[in-house]
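Asker: Starting off with a structure, shown below.
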Amino acid sequence: MREFIVEADGGSRGNPGPAGYGAVVSDAATGETLRETAEYIGVATNNVAEYRGLLAGLRAAHALDPAATVHVRMDSKLVVEQMSGRWKIKHPDMKPLAAQAARVFPPGRVTYEWMPRERNKHADRLANEAMDAGAKGEQWSQAESTAEPAGVVGGGAGVAGVSGVAGGGAGVAGVSGVAGRAAGGAGRAEAVAPSGPPGDAAAGAARVRGALAEGRASAEAAGSGPDAAGAAARPSRVVQGAAPASRVVQGAAPASGRVATSPPGGEATTAEAGAQAAGSGAASGEATDDADARAARAVGGAGAAPVDAGTRAAAAEAGGDARAATVVAAPGWAPADMGAPATFVLLRHGETPLTPQKRFSGSGGTDPSLSDTGREQAERAAAMLARRGTVQAVVSSPLARTRETAGIVAARLGLDVAIDDGLRETDFGAWEGLTFAEVRERHPDDLNAWLASPDAEPTGGGESFAATAARLAATRDKLVAAHAGRTVLLVTHVTPIKTLVRLALGAPPESLFRMELSAASLSVVAYYADGNASVRLLNDTSHLR
């Protein structure tokens, strides 16, 4: 039986930031390099990139000989310990990658060993080459690789420890067990704390757009076709060829969707401010008119219900509102005998005096009313919903800004307003009324913990995002049961809306930091009788322009 050595590595320039991985498959008996693979994967964390490298290396080994045994060597203590079964895998981004890696070879045919980072230079160089290529809008090519093996393949277990896995900044969202990599390799820039709220426009919209462009280039290259054969090979190496390495990692989705655009919860995290991973090098950007237009155009896209050609044509002539209304009324992908879904049209309340100041404003603060701008936004939302004509009931959070917004809309629709306490905003404790910068100055440790874990509470006994999610899930189930087959307008806040969308998508908690949600914006989620959900719309602000 053949035995392979798989050495893998991954890195992120920002954590999360532009990321890539590299993997090498060698013959355990001779040390000969049999295959190299690398890929730029868009914006991701170090740990996700490392898992993607592991998965790519295992799949490359399996393609060489499915009956072989494999010894994996990595400088990531986290991945080695988790895949060896000694550490639990808690982070939702890594669980599916670990599960995929565990299925490549039968149990018992793969062993894991940690090694010092300086002995993993071959895979590290490949990962850096992939990130360099991604920065130029290209994919890694083996034909242009300069990576060379770093010493003899195999050897002892090395010095046990966590070298190369040092923290890269407390509070980095999306990192489990290890906050990030310390600077030391070209592919791992040390995280720098942002000067303002990560969701603020000034915090780095240009960098985010650049990362998005790189991610799109990566995704397009990855889907361009089957493996290229017959590429130039080096002496003593059997290589995959010049095709993008993403074709080796079939079924592993690019991580470019992990770009942050705005945070969850409260006024400070409401418009553009708030809380992505502290210390993240990939700063978040503002919502633009183009983004809003794309969101409106995306209704009926991936995950949405099929609509016949006649309906599409009529909707196109009627504009964005008609398109949204058509999709909201569509039955989705569920079988026809399941009936119409319960459809929640999620309206965020209009602006309050705290909104433009980007202050935390949850359920434990001063409970502000709408400003004049907020009332005008509510009127515009009411006019648009009246044109759609699909809303059959209105349910509101008990807070003043949502009750006022709901009242304006319900009056236009000729409906009553029901109040549900489960739709209230998160309680931000001692942070209520403060800006993100003020919280960072006064409560830095609490803020970092809150950014890093959905179980952390704001200072002073506020509500964690995990507690908010549990409350929203119960409220959702109750409202779905009460409004089966109906379209209901829920007038609520940033965190509840993002949480409902997150739960519908099955996305991890840190996705709250990666959604933009403007004042008086509309989002739509449909819930089917079999328990499935479909996100139809997110952050539509076309009615405000």
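Naming works like this for the structure tokens: A, B, ... for the chains as they're shown, residue 1 at the start of each chain, ligands 1 onward in shown order.
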Could you please write out, as a PyMOL selection string, every residue of stretch 339-394 of chain A that DSSP assigns to strand (DSSP E)?
Answerer: chain A and resi 342-348+393-394
Asker: Could you list, as a short mmCIF file (atom, residue, chain, number, x, y, z; two decimals) with C-alpha atoms, in the first residue's frame, every residue within 9 Å of A:Thr373, counting only C-alpha atoms and ignoring same-chain residues fewer than 6 positions away?
Answerer:
data_model
loop_
_atom_site.label_atom_id
_atom_site.label_comp_id
_atom_site.auth_asym_id
_atom_site.auth_seq_id
_atom_site.Cartn_x
_atom_site.Cartn_y
_atom_site.Cartn_z
CA GLY A 350 -36.85 54.87 9.93
CA GLU A 351 -34.07 57.04 11.29
CA THR A 352 -34.02 58.39 14.83
#
Asker: To one decimal place, how far is atom CA of A:Thr495 from atom CA of A:Pro341 in Å?
Answerer: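 Interatomic distance here is 23.4 Å.
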Asker: Excluding A:Ala507 and any residue of its chain fewer than 6 positions from it, enumerate the residues within 9 Å of it, using only C-alpha atoms, and give them as a list of chain:residue names.
Answerer: A:Pro92, A:Asp93, A:Val501
Asker: Export N, CA and C atoms of the chosen residues as an mmCIF file, in the first residue's frame?
Answerer:
data_model
loop_
_atom_site.group_PDB
_atom_site.id
_atom_site.type_symbol
_atom_site.label_atom_id
_atom_site.label_comp_id
_atom_site.auth_asym_id
_atom_site.auth_seq_id
_atom_site.Cartn_x
_atom_site.Cartn_y
_atom_site.Cartn_z
ATOM 1 N N PRO A 92 -18.455 27.488 13.114
ATOM 2 C CA PRO A 92 -19.312 26.991 12.030
ATOM 3 C C PRO A 92 -18.662 27.049 10.650
ATOM 4 N N ASP A 93 -17.679 27.934 10.438
ATOM 5 C CA ASP A 93 -17.019 27.978 9.140
ATOM 6 C C ASP A 93 -16.105 26.776 8.928
ATOM 7 N N VAL A 501 -32.460 36.687 8.706
ATOM 8 C CA VAL A 501 -31.823 36.361 7.432
ATOM 9 C C VAL A 501 -30.726 35.322 7.651
#
Asker: Quick one: of A:Arg348, A:Arg52, A:Arg35, A:Lys136, who's nearest to A:Met94, counting only C-alpha atoms?
Answerer: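 Closest to A:Met94 of all the choices is A:Arg52.
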Asker: Any idea what the distance is between atom CA of A:Ala61 and atom CA of A:Ser84?
Answerer: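 Computed distance, atom CA of A:Ala61 to atom CA of A:Ser84, equals 18.5 Å.
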